[in-house]
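Colleague: Just one file: data38.cif, with mmCIF, C-alpha atoms.
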data_structure
#
loop_
_atom_site.label_atom_id
_atom_site.label_comp_id
_atom_site.auth_asym_id
_atom_site.auth_seq_id
_atom_site.Cartn_x
_atom_site.Cartn_y
_atom_site.Cartn_z
CA MET A 2 0.00 0.00 0.00
CA ILE A 3 1.30 3.43 -0.95
CA GLY A 4 2.11 5.42 2.16
CA GLY A 5 2.34 9.11 2.85
CA VAL A 6 -0.03 12.06 2.62
CA ARG A 7 -1.41 13.02 -0.78
CA ILE A 8 -1.04 16.78 -1.34
CA ALA A 9 -1.59 17.50 -5.03
CA ARG A 10 -1.27 16.46 -8.66
CA PHE A 11 1.26 18.14 -10.96
CA PHE A 12 1.06 17.46 -14.70
CA GLY A 13 -0.89 14.28 -13.97
CA PHE A 14 1.56 12.96 -11.34
CA GLU A 15 0.25 12.34 -7.83
CA VAL A 16 2.52 13.89 -5.19
CA ARG A 17 2.72 12.46 -1.66
CA LEU A 18 4.65 13.43 1.46
CA ASP A 19 6.18 10.61 3.47
CA LEU A 20 5.89 11.12 7.23
CA SER A 21 9.69 11.41 7.44
CA TRP A 22 9.46 14.53 5.24
CA PHE A 23 7.80 16.52 8.01
CA VAL A 24 10.73 15.77 10.33
CA VAL A 25 13.37 16.95 7.88
CA PHE A 26 11.26 19.98 6.89
CA LEU A 27 11.25 21.17 10.49
CA LEU A 28 15.00 20.54 10.75
CA VAL A 29 15.65 22.52 7.56
CA LEU A 30 13.37 25.31 8.75
CA TRP A 31 15.17 25.50 12.11
CA THR A 32 18.63 25.43 10.46
CA PHE A 33 17.72 28.21 8.02
CA ALA A 34 16.24 30.42 10.76
CA GLN A 35 18.87 29.86 13.44
CA ALA A 36 22.11 29.46 11.52
CA VAL A 37 22.14 29.92 7.74
CA PHE A 38 20.37 33.24 7.16
CA PRO A 39 21.57 35.01 10.35
CA GLU A 40 25.14 34.17 9.29
CA ARG A 41 24.73 35.05 5.61
CA ASN A 42 22.50 38.11 6.12
CA PRO A 43 23.38 39.64 9.52
CA GLY A 44 21.54 42.53 11.14
CA LEU A 45 17.96 41.53 10.30
CA SER A 46 15.12 40.94 12.76
CA THR A 47 14.02 37.55 14.07
CA THR A 48 10.72 37.91 12.21
CA VAL A 49 12.54 38.43 8.92
CA TYR A 50 14.76 35.40 9.53
CA ILE A 51 11.69 33.25 10.21
CA ALA A 52 10.05 34.52 7.02
CA MET A 53 13.23 33.84 5.04
CA ALA A 54 13.52 30.36 6.53
CA SER A 55 9.89 29.53 5.76
CA ALA A 56 10.16 30.73 2.16
CA GLY A 57 13.53 29.03 1.74
CA ALA A 58 12.39 25.68 3.11
CA ILE A 59 9.22 25.61 0.98
CA LEU A 60 11.05 26.65 -2.18
CA PHE A 61 13.87 24.17 -1.54
CA PHE A 62 11.47 21.24 -1.40
CA PHE A 63 9.66 22.63 -4.42
CA SER A 64 13.03 22.47 -6.20
CA VAL A 65 13.33 18.82 -5.15
CA LEU A 66 9.82 18.22 -6.50
CA LEU A 67 10.80 19.79 -9.86
CA HIS A 68 13.85 17.48 -9.92
CA GLU A 69 11.58 14.44 -9.52
CA LEU A 70 9.03 15.80 -11.99
CA ALA A 71 11.82 15.95 -14.58
CA HIS A 72 12.55 12.25 -13.99
CA SER A 73 8.85 11.38 -14.15
CA ALA A 74 8.16 13.37 -17.31
CA MET A 75 11.07 11.76 -19.14
CA ALA A 76 10.01 8.31 -17.93
CA ARG A 77 6.51 8.93 -19.27
CA ALA A 78 7.98 10.18 -22.57
CA ARG A 79 9.94 6.90 -22.84
CA GLY A 80 6.77 4.85 -22.37
CA ILE A 81 7.20 3.97 -18.67
CA GLN A 82 4.16 4.32 -16.45
CA VAL A 83 4.71 6.57 -13.41
CA GLU A 84 2.30 6.26 -10.50
CA GLY A 85 3.46 9.40 -8.72
CA ILE A 86 6.14 11.08 -6.64
CA THR A 87 6.87 10.73 -2.93
CA LEU A 88 8.96 13.28 -1.04
CA PHE A 89 10.75 11.81 1.99
CA ILE A 90 13.57 12.51 4.42
CA PHE A 91 16.40 12.53 1.85
CA GLY A 92 14.64 14.14 -1.07
CA GLY A 93 12.20 12.48 -3.43
CA MET A 94 11.44 9.38 -5.43
CA ALA A 95 9.39 8.80 -8.56
CA ARG A 96 7.19 5.71 -8.19
CA ILE A 97 7.43 3.81 -11.50
CA ARG A 98 5.85 0.47 -12.32
CA SER A 99 8.81 -0.90 -14.27
CA GLU A 100 12.49 -0.31 -14.87
CA ALA A 101 13.85 1.18 -18.09
CA SER A 102 13.99 -1.45 -20.83
CA ASN A 103 17.35 -0.34 -22.27
CA PRO A 104 20.47 1.65 -21.29
CA LYS A 105 19.48 4.68 -23.37
CA ASP A 106 16.16 5.10 -21.58
CA GLU A 107 17.89 4.66 -18.21
CA PHE A 108 20.43 7.36 -19.10
CA LEU A 109 17.87 9.87 -20.38
CA ILE A 110 15.44 9.36 -17.48
CA THR A 111 18.27 9.83 -14.99
CA VAL A 112 20.30 12.68 -16.47
CA VAL A 113 17.39 15.13 -16.60
CA GLY A 114 17.28 15.22 -12.80
CA PRO A 115 20.71 16.76 -12.15
CA LEU A 116 20.32 18.94 -15.27
CA SER A 117 17.03 20.32 -13.95
CA SER A 118 18.60 21.10 -10.55
CA ALA A 119 21.49 22.90 -12.25
CA ALA A 120 19.03 24.86 -14.42
CA ILE A 121 16.99 25.85 -11.35
CA GLY A 122 20.21 26.97 -9.67
CA LEU A 123 21.12 29.19 -12.63
CA ILE A 124 17.64 30.73 -12.73
CA LEU A 125 17.71 31.47 -8.99
CA LEU A 126 21.23 32.89 -9.23
CA GLY A 127 20.11 35.20 -12.04
CA PHE A 128 17.09 36.26 -10.00
CA ALA A 129 19.31 37.01 -6.97
CA ARG A 130 21.59 39.20 -9.10
CA ALA A 131 18.57 40.99 -10.59
CA ALA A 132 17.08 41.54 -7.12
CA GLN A 133 20.31 43.17 -5.97
CA ALA A 134 20.48 45.37 -9.07
CA LEU A 135 16.87 46.50 -8.60
CA GLY A 136 17.46 47.35 -4.95
CA LEU A 137 15.01 44.81 -3.57
CA PRO A 138 15.32 43.91 0.15
CA GLY A 139 18.40 41.86 0.99
CA ALA A 140 16.17 39.09 2.33
CA VAL A 141 14.89 38.40 -1.20
CA SER A 142 18.30 38.08 -2.82
CA GLY A 143 19.58 36.22 0.26
CA VAL A 144 16.98 33.47 -0.05
CA ALA A 145 17.41 33.23 -3.83
CA SER A 146 21.22 33.01 -3.74
CA TRP A 147 21.18 30.36 -0.99
CA LEU A 148 18.63 28.26 -2.88
CA ALA A 149 20.74 28.58 -6.02
CA PHE A 150 23.71 27.22 -4.08
CA LEU A 151 21.63 24.33 -2.68
CA ASN A 152 20.42 23.35 -6.13
CA PHE A 153 23.99 23.30 -7.45
CA VAL A 154 24.92 21.10 -4.47
CA LEU A 155 21.91 18.86 -5.15
CA ALA A 156 22.96 18.44 -8.78
CA ALA A 157 26.59 17.69 -7.83
CA PHE A 158 25.68 15.29 -5.02
CA ASN A 159 23.32 13.34 -7.27
CA LEU A 160 26.09 12.88 -9.85
CA ILE A 161 28.22 10.88 -7.39
CA PRO A 162 28.41 7.37 -8.95
CA GLY A 163 26.77 5.60 -6.03
CA PHE A 164 23.51 3.72 -6.56
CA PRO A 165 20.66 4.63 -6.01
CA LEU A 166 21.74 8.27 -6.54
CA ASP A 167 21.34 9.61 -10.08
CA GLY A 168 25.08 9.28 -10.61
CA GLY A 169 24.84 5.62 -9.67
CA ARG A 170 22.05 5.12 -12.17
CA LEU A 171 24.09 6.86 -14.88
CA PHE A 172 26.99 4.57 -14.00
CA ARG A 173 24.64 1.60 -14.24
CA SER A 174 23.39 2.69 -17.68
CA LEU A 175 26.97 2.91 -18.98
CA VAL A 176 27.92 -0.52 -17.59
CA TRP A 177 24.65 -1.89 -18.94
CA GLN A 178 25.48 -0.52 -22.39
CA LEU A 179 28.96 -2.09 -22.29
CA THR A 180 27.98 -5.48 -20.85
CA GLN A 181 24.38 -5.76 -22.07
CA ASP A 182 23.68 -7.29 -18.66
CA LEU A 183 21.34 -5.30 -16.38
CA ARG A 184 21.91 -7.58 -13.41
CA LYS A 185 25.68 -7.19 -13.60
CA ALA A 186 25.38 -3.43 -14.13
CA THR A 187 23.10 -3.10 -11.11
CA ARG A 188 25.48 -5.18 -9.00
CA TRP A 189 28.43 -2.95 -9.90
CA ALA A 190 26.42 0.22 -9.30
CA SER A 191 25.19 -1.20 -6.00
CA LEU A 192 28.73 -1.99 -4.89
CA SER A 193 29.70 1.57 -5.79
CA GLY A 194 26.81 2.95 -3.75
CA ARG A 195 27.62 0.77 -0.76
CA GLY A 196 31.28 1.82 -0.95
CA PHE A 197 30.35 5.50 -1.09
CA GLY A 198 28.01 5.03 1.85
CA LEU A 199 30.81 3.47 3.92
CA LEU A 200 33.09 6.35 2.90
CA LEU A 201 30.57 8.84 4.27
CA VAL A 202 30.27 6.84 7.48
CA GLY A 203 34.06 6.90 7.85
CA LEU A 204 34.11 10.64 7.21
CA GLY A 205 31.44 11.07 9.84
CA VAL A 206 33.54 9.19 12.38
CA VAL A 207 36.49 11.49 11.61
CA TYR A 208 34.23 14.52 12.19
CA LEU A 209 33.07 13.05 15.51
CA PHE A 210 36.63 12.62 16.76
CA GLY A 211 37.38 16.13 15.52
CA GLY A 212 34.67 17.57 17.75
CA PHE A 213 32.10 18.26 15.02
CA LEU A 214 29.29 16.24 16.59
CA VAL A 215 26.32 17.35 14.45
CA ASN A 216 28.18 17.14 11.12
CA GLY A 217 29.62 13.76 12.09
CA MET A 218 26.21 12.32 12.99
CA TRP A 219 24.66 13.57 9.73
CA PHE A 220 27.47 12.05 7.62
CA ILE A 221 27.11 8.72 9.45
CA PHE A 222 23.32 8.76 9.07
CA ILE A 223 23.38 9.63 5.36
CA GLY A 224 26.17 7.14 4.67
CA TRP A 225 24.32 4.35 6.43
CA PHE A 226 21.13 5.21 4.54
CA LEU A 227 22.88 5.12 1.14
CA HIS A 228 24.65 1.86 1.99
CA GLN A 229 21.34 0.20 2.91
CA ALA A 230 19.50 1.71 -0.07
CA ALA A 231 22.16 0.46 -2.52
CA GLU A 232 21.96 -3.07 -1.14
CA SER A 233 18.16 -3.00 -1.07
CA SER A 234 17.96 -1.72 -4.68
CA TYR A 235 19.99 -4.69 -5.92
CA ARG A 236 17.78 -7.16 -4.05
CA GLN A 237 14.68 -5.47 -5.47
CA LEU A 238 16.00 -5.84 -9.01
CA ILE A 239 16.63 -9.56 -8.50
CA LEU A 240 13.17 -9.96 -7.00
CA ARG A 241 11.56 -8.05 -9.88
CA ARG A 242 13.41 -10.18 -12.44
CA ILE A 243 12.16 -13.35 -10.73
CA LEU A 244 8.57 -12.08 -10.57
CA GLU A 245 8.63 -10.93 -14.20
CA GLY A 246 9.40 -14.52 -15.22
CA VAL A 247 6.31 -16.01 -13.58
CA ARG A 248 2.69 -15.74 -14.73
CA ALA A 249 -0.36 -15.34 -12.50
CA ARG A 250 -1.70 -18.70 -13.66
CA GLU A 251 1.34 -20.40 -12.10
CA ALA A 252 0.78 -19.00 -8.60
CA MET A 253 -2.99 -18.45 -8.40
CA THR A 254 -5.50 -20.58 -6.53
CA ARG A 255 -7.57 -22.29 -9.21
CA ASN A 256 -11.32 -22.87 -9.00
CA PRO A 257 -11.76 -20.76 -5.85
CA GLU A 258 -14.84 -21.19 -3.70
CA THR A 259 -17.45 -18.54 -4.47
CA VAL A 260 -20.49 -17.20 -2.64
CA SER A 261 -23.95 -16.13 -3.76
CA PRO A 262 -24.88 -12.43 -3.90
CA ASP A 263 -28.11 -13.26 -2.01
CA LEU A 264 -26.31 -14.80 0.97
CA ALA A 265 -26.93 -12.99 4.27
CA LEU A 266 -23.84 -11.64 6.00
CA ARG A 267 -24.72 -13.68 9.11
CA ASP A 268 -24.56 -16.89 7.07
CA LEU A 269 -21.46 -15.68 5.23
CA VAL A 270 -19.63 -15.24 8.53
CA ASP A 271 -20.84 -18.51 10.08
CA GLU A 272 -20.45 -20.76 7.03
CA TYR A 273 -17.45 -19.24 5.27
CA PHE A 274 -15.27 -16.79 7.22
CA LEU A 275 -15.34 -18.85 10.43
CA ARG A 276 -14.77 -22.17 8.65
CA ARG A 277 -12.26 -21.20 5.96
CA ARG A 278 -8.85 -19.58 6.07
CA TYR A 279 -9.73 -16.91 3.51
CA ASN A 280 -10.53 -13.26 4.23
CA SER A 281 -12.39 -12.69 0.98
CA PHE A 282 -14.50 -14.61 -1.52
CA PRO A 283 -15.46 -14.02 -5.17
CA VAL A 284 -19.17 -13.49 -5.72
CA GLU A 285 -20.99 -15.33 -8.55
CA ASP A 286 -24.67 -15.64 -9.41
CA SER A 287 -26.47 -18.91 -10.13
CA THR A 288 -25.38 -18.82 -13.79
CA GLY A 289 -21.70 -18.60 -12.85
CA ARG A 290 -21.40 -14.93 -13.81
CA LEU A 291 -18.71 -13.11 -11.82
CA LEU A 292 -20.21 -10.16 -9.92
CA GLY A 293 -17.52 -9.01 -7.53
CA LEU A 294 -15.62 -9.69 -4.32
CA ILE A 295 -16.70 -9.68 -0.67
CA THR A 296 -14.11 -9.18 2.07
CA LEU A 297 -14.09 -9.65 5.83
CA THR A 298 -13.27 -5.97 6.23
CA GLN A 299 -16.45 -5.00 4.38
CA VAL A 300 -18.52 -7.27 6.62
CA LYS A 301 -17.00 -5.80 9.78
CA GLN A 302 -18.03 -2.31 8.65
CA VAL A 303 -21.69 -3.36 8.91
CA GLU A 304 -23.28 -3.34 12.37
CA ARG A 305 -23.73 -6.90 13.72
CA ASP A 306 -27.47 -6.54 14.31
CA ARG A 307 -27.85 -5.88 10.56
CA TRP A 308 -25.97 -9.00 9.44
CA PRO A 309 -29.10 -11.22 9.20
CA THR A 310 -30.88 -8.78 6.88
CA THR A 311 -27.92 -7.48 4.84
CA ARG A 312 -26.96 -9.40 1.70
CA VAL A 313 -23.56 -9.90 0.15
CA ASN A 314 -24.73 -7.94 -2.88
CA ASP A 315 -25.35 -4.90 -0.66
CA VAL A 316 -21.74 -4.45 0.50
CA MET A 317 -19.49 -6.31 -1.96
CA THR A 318 -17.02 -4.67 -4.31
CA GLN A 319 -18.44 -4.77 -7.84
CA VAL A 320 -16.29 -6.61 -10.34
CA CYS A 321 -15.69 -3.37 -12.24
CA ASP A 322 -14.12 -1.86 -9.10
CA ALA A 323 -12.26 -4.94 -7.91
CA VAL A 324 -8.60 -5.62 -8.74
CA THR A 325 -8.51 -7.98 -11.71
CA VAL A 326 -5.56 -9.48 -13.55
CA ARG A 327 -5.17 -11.82 -16.49
CA PRO A 328 -3.70 -15.32 -16.24
CA GLU A 329 -0.79 -14.23 -18.47
CA ASP A 330 0.08 -11.19 -16.33
CA THR A 331 3.38 -11.49 -14.48
CA LEU A 332 3.61 -11.58 -10.71
CA ALA A 333 5.36 -8.19 -10.90
CA VAL A 334 2.20 -6.74 -12.49
CA VAL A 335 0.00 -8.49 -9.92
CA LEU A 336 1.95 -7.08 -6.97
CA SER A 337 1.97 -3.61 -8.50
CA LYS A 338 -1.82 -3.64 -8.85
CA LEU A 339 -2.33 -4.97 -5.32
CA GLU A 340 -0.05 -2.29 -3.86
CA SER A 341 -1.71 0.50 -5.85
CA ALA A 342 -5.19 -0.56 -4.72
CA GLY A 343 -4.14 -1.33 -1.14
CA VAL A 344 -5.77 -4.78 -1.18
CA GLY A 345 -4.45 -8.26 -0.58
CA ARG A 346 -6.28 -10.29 -3.23
CA ALA A 347 -6.95 -10.03 -6.96
CA LEU A 348 -9.38 -11.87 -9.23
CA VAL A 349 -7.82 -13.68 -12.19
CA VAL A 350 -10.25 -13.18 -15.06
CA THR A 351 -10.43 -14.13 -18.75
CA ASP A 352 -13.20 -12.57 -20.84
CA GLY A 353 -15.32 -11.99 -17.72
CA ARG A 354 -14.89 -15.57 -16.52
CA LEU A 355 -13.26 -16.28 -13.16
CA GLU A 356 -10.12 -18.39 -13.56
CA GLY A 357 -8.75 -18.11 -10.05
CA VAL A 358 -7.71 -15.86 -7.20
CA ILE A 359 -4.21 -14.65 -6.37
CA SER A 360 -3.07 -12.95 -3.16
CA ARG A 361 0.09 -11.52 -1.66
CA ALA A 362 0.36 -14.76 0.33
CA ASP A 363 0.28 -16.79 -2.91
CA VAL A 364 3.16 -14.71 -4.31
CA ALA A 365 5.11 -15.03 -1.06
CA GLN A 366 4.64 -18.81 -1.02
CA TRP A 367 5.81 -19.07 -4.62
CA LEU A 368 8.94 -17.03 -3.81
CA ASP A 369 9.61 -19.21 -0.78
CA ARG A 370 9.48 -22.36 -2.94
CA TYR A 371 11.72 -20.72 -5.55
CA GLN A 372 14.36 -19.81 -2.97
CA LYS A 373 14.35 -23.32 -1.51
CA LEU A 374 14.91 -24.80 -4.96
CA HIS A 375 17.69 -22.38 -5.90
#
Translate this file's structure into structure tokens.

Modeller:
Amino acid sequence: MIGGVRIARFFGFEVRLDLSWFVVFLLVLWTFAQAVFPERNPGLSTTVYIAMASAGAILFFFSVLLHELAHSAMARARGIQVEGITLFIFGGMARIRSEASNPKDEFLITVVGPLSSAAIGLILLGFARAAQALGLPGAVSGVASWLAFLNFVLAAFNLIPGFPLDGGRLFRSLVWQLTQDLRKATRWASLSGRGFGLLLVGLGVVYLFGGFLVNGMWFIFIGWFLHQAAESSYRQLILRRILEGVRAREAMTRNPETVSPDLALRDLVDEYFLRRRYNSFPVEDSTGRLLGLITLTQVKQVERDRWPTTRVNDVMTQVCDAVTVRPEDTLAVVLSKLESAGVGRALVVTDGRLEGVISRADVAQWLDRYQKLH
């Protein structure tokens, strides 16, 4: 299930804020107000510093959003479906349903991110110079020049060849082009990312012993995060490759037990939910026509004293609204649909006819068998 708080849609992309974003936003706001702007623009009032910090923090994260929008727009232009963008503690991430299919697409989708940050930096730098020339308040040019600097830093940092940073992805695209092996390219890029993460951790330790406690802790934290993210990204690629090689028909439960739309919820609970291990059942009429899906969660939302008089048809999810997949869909597609809808079970359908049911548990069991055999 996709986490975070939905805030808006930009150019058709859903934007969400991860809960960790609120923590780092407050830290950035405090740093701007207490340290950065008082040092760079001395002699101003506390109110002005707070206003500068608020504007700076909001515009900085808007710059990060534009960076991710550039990735998402290029991905869409290359035929890759993008579900949305999530901003979190270390920046942002475009949520895409599949990886690039070739090195060229990987390179183009990645390179626009740092280029967009550099372009934003140049625009802000030009605005800061213009604000000074026009005699606008120093607070305006101060915020603009600092944000220009941050965007240049963002572009440079992302070009470091450590996966999953943009530089790591560019490195992966080059290795992929040379070896024609995505798995090997991802492994090399992952090793680079893990090495860079350890380097940051080591640098953080040096800062700690040098008496720079806050800087040292941040370097250690960021380094550890990058090290873990690089390792996790490689595992996710392997998992995706495995799931893309398996069809829904190979992992689904065939000929699932169905219930009638006229069944009372009281009988549904007593005869099915309390006697079976399933938390949902497909709904079919007497002719075998698939109508929808009834879940235990839906039943629990109905008051118990209404169960004897409420029918399955009254509360079920209609088939048009339920998550459906085809027998030939890969497990990667199945999982993507389940995560997007926030449900645990999908109906496997061919031309309106129920072929089976597949759940997260079915996928997990298949993976468990695969790992035991390999």

Colleague: Skipping near chain neighbours, those fewer than 2 positions away, what residues fall within 6 Å of Phe153 in chain A using all atoms listed in the file, listed as a ChimeraX atom specification?

Modeller: /A:119,122,150-151,155-156

Colleague: Write a file of the just-selected residues containing C-alpha atoms, as a PDB file, keeping the file's coordinate frame.

Modeller:
ATOM      1  CA  ALA A 119      21.490  22.900 -12.250  1.00  0.00           C
ATOM      2  CA  GLY A 122      20.210  26.970  -9.670  1.00  0.00           C
ATOM      3  CA  PHE A 150      23.710  27.220  -4.080  1.00  0.00           C
ATOM      4  CA  LEU A 151      21.630  24.330  -2.680  1.00  0.00           C
ATOM      5  CA  LEU A 155      21.910  18.860  -5.150  1.00  0.00           C
ATOM      6  CA  ALA A 156      22.960  18.440  -8.780  1.00  0.00           C
TER       7      ALA A 156
END

Colleague: Please, what is the axis-aligned box for every listed atom of range 103-115 of chain A with 6 Å on each side, as centre and edge lengths in Å to one decimal, as lines of an AutoDock Vina configuration file?

Modeller:
center_x = 18.1
center_y = 8.2
center_z = -17.8
size_x = 17.3
size_y = 29.1
size_z = 23.2

Colleague: Counting all atoms listed in the file, figure out which residue out of A:Ala101, A:Ala252, A:Leu192, A:Val65 gets nearest to Ser117 in chain A.

Modeller: A:Val65

Colleague: For range 180-191 of chain A, list every protein, DNA or RNA residue within 10 Å, evaluated using only C-alpha atoms, and leave out those in the same chain fewer than 4 positions away; present the list as a VMD selection string.

Modeller: chain A and resid 102 to 104 162 to 166 168 to 176 195 to 197 227 to 236 238 to 239 242

Colleague: Given the selection you just returned, output its residues as a file containing C-alpha atoms, formatted as a PDB file, keeping the file's coordinate frame.

Modeller:
ATOM      1  CA  SER A 102      13.990  -1.450 -20.830  1.00  0.00           C
ATOM      2  CA  ASN A 103      17.350  -0.340 -22.270  1.00  0.00           C
ATOM      3  CA  PRO A 104      20.470   1.650 -21.290  1.00  0.00           C
ATOM      4  CA  PRO A 162      28.410   7.370  -8.950  1.00  0.00           C
ATOM      5  CA  GLY A 163      26.770   5.600  -6.030  1.00  0.00           C
ATOM      6  CA  PHE A 164      23.510   3.720  -6.560  1.00  0.00           C
ATOM      7  CA  PRO A 165      20.660   4.630  -6.010  1.00  0.00           C
ATOM      8  CA  LEU A 166      21.740   8.270  -6.540  1.00  0.00           C
ATOM      9  CA  GLY A 168      25.080   9.280 -10.610  1.00  0.00           C
ATOM     10  CA  GLY A 169      24.840   5.620  -9.670  1.00  0.00           C
ATOM     11  CA  ARG A 170      22.050   5.120 -12.170  1.00  0.00           C
ATOM     12  CA  LEU A 171      24.090   6.860 -14.880  1.00  0.00           C
ATOM     13  CA  PHE A 172      26.990   4.570 -14.000  1.00  0.00           C
ATOM     14  CA  ARG A 173      24.640   1.600 -14.240  1.00  0.00           C
ATOM     15  CA  SER A 174      23.390   2.690 -17.680  1.00  0.00           C
ATOM     16  CA  LEU A 175      26.970   2.910 -18.980  1.00  0.00           C
ATOM     17  CA  VAL A 176      27.920  -0.520 -17.590  1.00  0.00           C
ATOM     18  CA  ARG A 195      27.620   0.770  -0.760  1.00  0.00           C
ATOM     19  CA  GLY A 196      31.280   1.820  -0.950  1.00  0.00           C
ATOM     20  CA  PHE A 197      30.350   5.500  -1.090  1.00  0.00           C
ATOM     21  CA  LEU A 227      22.880   5.120   1.140  1.00  0.00           C
ATOM     22  CA  HIS A 228      24.650   1.860   1.990  1.00  0.00           C
ATOM     23  CA  GLN A 229      21.340   0.200   2.910  1.00  0.00           C
ATOM     24  CA  ALA A 230      19.500   1.710  -0.070  1.00  0.00           C
ATOM     25  CA  ALA A 231      22.160   0.460  -2.520  1.00  0.00           C
ATOM     26  CA  GLU A 232      21.960  -3.070  -1.140  1.00  0.00           C
ATOM     27  CA  SER A 233      18.160  -3.000  -1.070  1.00  0.00           C
ATOM     28  CA  SER A 234      17.960  -1.720  -4.680  1.00  0.00           C
ATOM     29  CA  TYR A 235      19.990  -4.690  -5.920  1.00  0.00           C
ATOM     30  CA  ARG A 236      17.780  -7.160  -4.050  1.00  0.00           C
ATOM     31  CA  LEU A 238      16.000  -5.840  -9.010  1.00  0.00           C
ATOM     32  CA  ILE A 239      16.630  -9.560  -8.500  1.00  0.00           C
ATOM     33  CA  ARG A 242      13.410 -10.180 -12.440  1.00  0.00           C
TER      34      ARG A 242
END

Colleague: Taking the point (11.4, 27.7, 4.4) as given in the file, collect each protein or nucleic acid residue that comes within 7 Å of it, counting all atoms listed in the file, and present the set as a ChimeraX atom specification.

Modeller: /A:30,53-60

Colleague: Would you write out, as a PyMOL selection string, every residue that the PyMOL selection byres ((chain A and resi 140) around 9) captures in this file?

Modeller: chain A and resi 38+42+45+49-50+52-53+137-139+141-145

Colleague: N, CA and C atoms for range 158-171 of chain A, written as a PDB file, in the coordinates of the input, could you do that?

Modeller:
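In the end it all went to part-v7.pdb:
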ATOM      1  N   PHE A 158      25.785  16.461  -5.895  1.00  0.00           N
ATOM      2  CA  PHE A 158      25.680  15.290  -5.020  1.00  0.00           C
ATOM      3  C   PHE A 158      25.035  14.119  -5.751  1.00  0.00           C
ATOM      4  N   ASN A 159      24.008  14.416  -6.547  1.00  0.00           N
ATOM      5  CA  ASN A 159      23.320  13.340  -7.270  1.00  0.00           C
ATOM      6  C   ASN A 159      24.168  12.736  -8.375  1.00  0.00           C
ATOM      7  N   LEU A 160      25.224  13.419  -8.795  1.00  0.00           N
ATOM      8  CA  LEU A 160      26.090  12.880  -9.850  1.00  0.00           C
ATOM      9  C   LEU A 160      27.172  11.953  -9.292  1.00  0.00           C
ATOM     10  N   ILE A 161      27.266  11.833  -7.972  1.00  0.00           N
ATOM     11  CA  ILE A 161      28.220  10.880  -7.390  1.00  0.00           C
ATOM     12  C   ILE A 161      27.817   9.473  -7.819  1.00  0.00           C
ATOM     13  N   PRO A 162      28.758   8.677  -8.371  1.00  0.00           N
ATOM     14  CA  PRO A 162      28.410   7.370  -8.950  1.00  0.00           C
ATOM     15  C   PRO A 162      28.126   6.297  -7.905  1.00  0.00           C
ATOM     16  N   GLY A 163      27.162   6.568  -7.042  1.00  0.00           N
ATOM     17  CA  GLY A 163      26.770   5.600  -6.030  1.00  0.00           C
ATOM     18  C   GLY A 163      25.282   5.333  -6.115  1.00  0.00           C
ATOM     19  N   PHE A 164      24.902   4.122  -6.454  1.00  0.00           N
ATOM     20  CA  PHE A 164      23.510   3.720  -6.560  1.00  0.00           C
ATOM     21  C   PHE A 164      22.875   3.739  -5.171  1.00  0.00           C
ATOM     22  N   PRO A 165      21.631   4.263  -4.989  1.00  0.00           N
ATOM     23  CA  PRO A 165      20.660   4.630  -6.010  1.00  0.00           C
ATOM     24  C   PRO A 165      20.623   6.116  -6.369  1.00  0.00           C
ATOM     25  N   LEU A 166      21.681   6.876  -6.094  1.00  0.00           N
ATOM     26  CA  LEU A 166      21.740   8.270  -6.540  1.00  0.00           C
ATOM     27  C   LEU A 166      21.720   8.311  -8.074  1.00  0.00           C
ATOM     28  N   ASP A 167      21.396   9.481  -8.618  1.00  0.00           N
ATOM     29  CA  ASP A 167      21.340   9.610 -10.080  1.00  0.00           C
ATOM     30  C   ASP A 167      22.674   9.244 -10.721  1.00  0.00           C
ATOM     31  N   GLY A 168      23.778   9.635 -10.070  1.00  0.00           N
ATOM     32  CA  GLY A 168      25.080   9.280 -10.610  1.00  0.00           C
ATOM     33  C   GLY A 168      25.282   7.779 -10.664  1.00  0.00           C
ATOM     34  N   GLY A 169      24.766   7.076  -9.662  1.00  0.00           N
ATOM     35  CA  GLY A 169      24.840   5.620  -9.670  1.00  0.00           C
ATOM     36  C   GLY A 169      24.031   5.014 -10.795  1.00  0.00           C
ATOM     37  N   ARG A 170      22.878   5.623 -11.075  1.00  0.00           N
ATOM     38  CA  ARG A 170      22.050   5.120 -12.170  1.00  0.00           C
ATOM     39  C   ARG A 170      22.693   5.416 -13.530  1.00  0.00           C
ATOM     40  N   LEU A 171      23.359   6.570 -13.643  1.00  0.00           N
ATOM     41  CA  LEU A 171      24.090   6.860 -14.880  1.00  0.00           C
ATOM     42  C   LEU A 171      25.225   5.862 -15.062  1.00  0.00           C
TER      43      LEU A 171
END
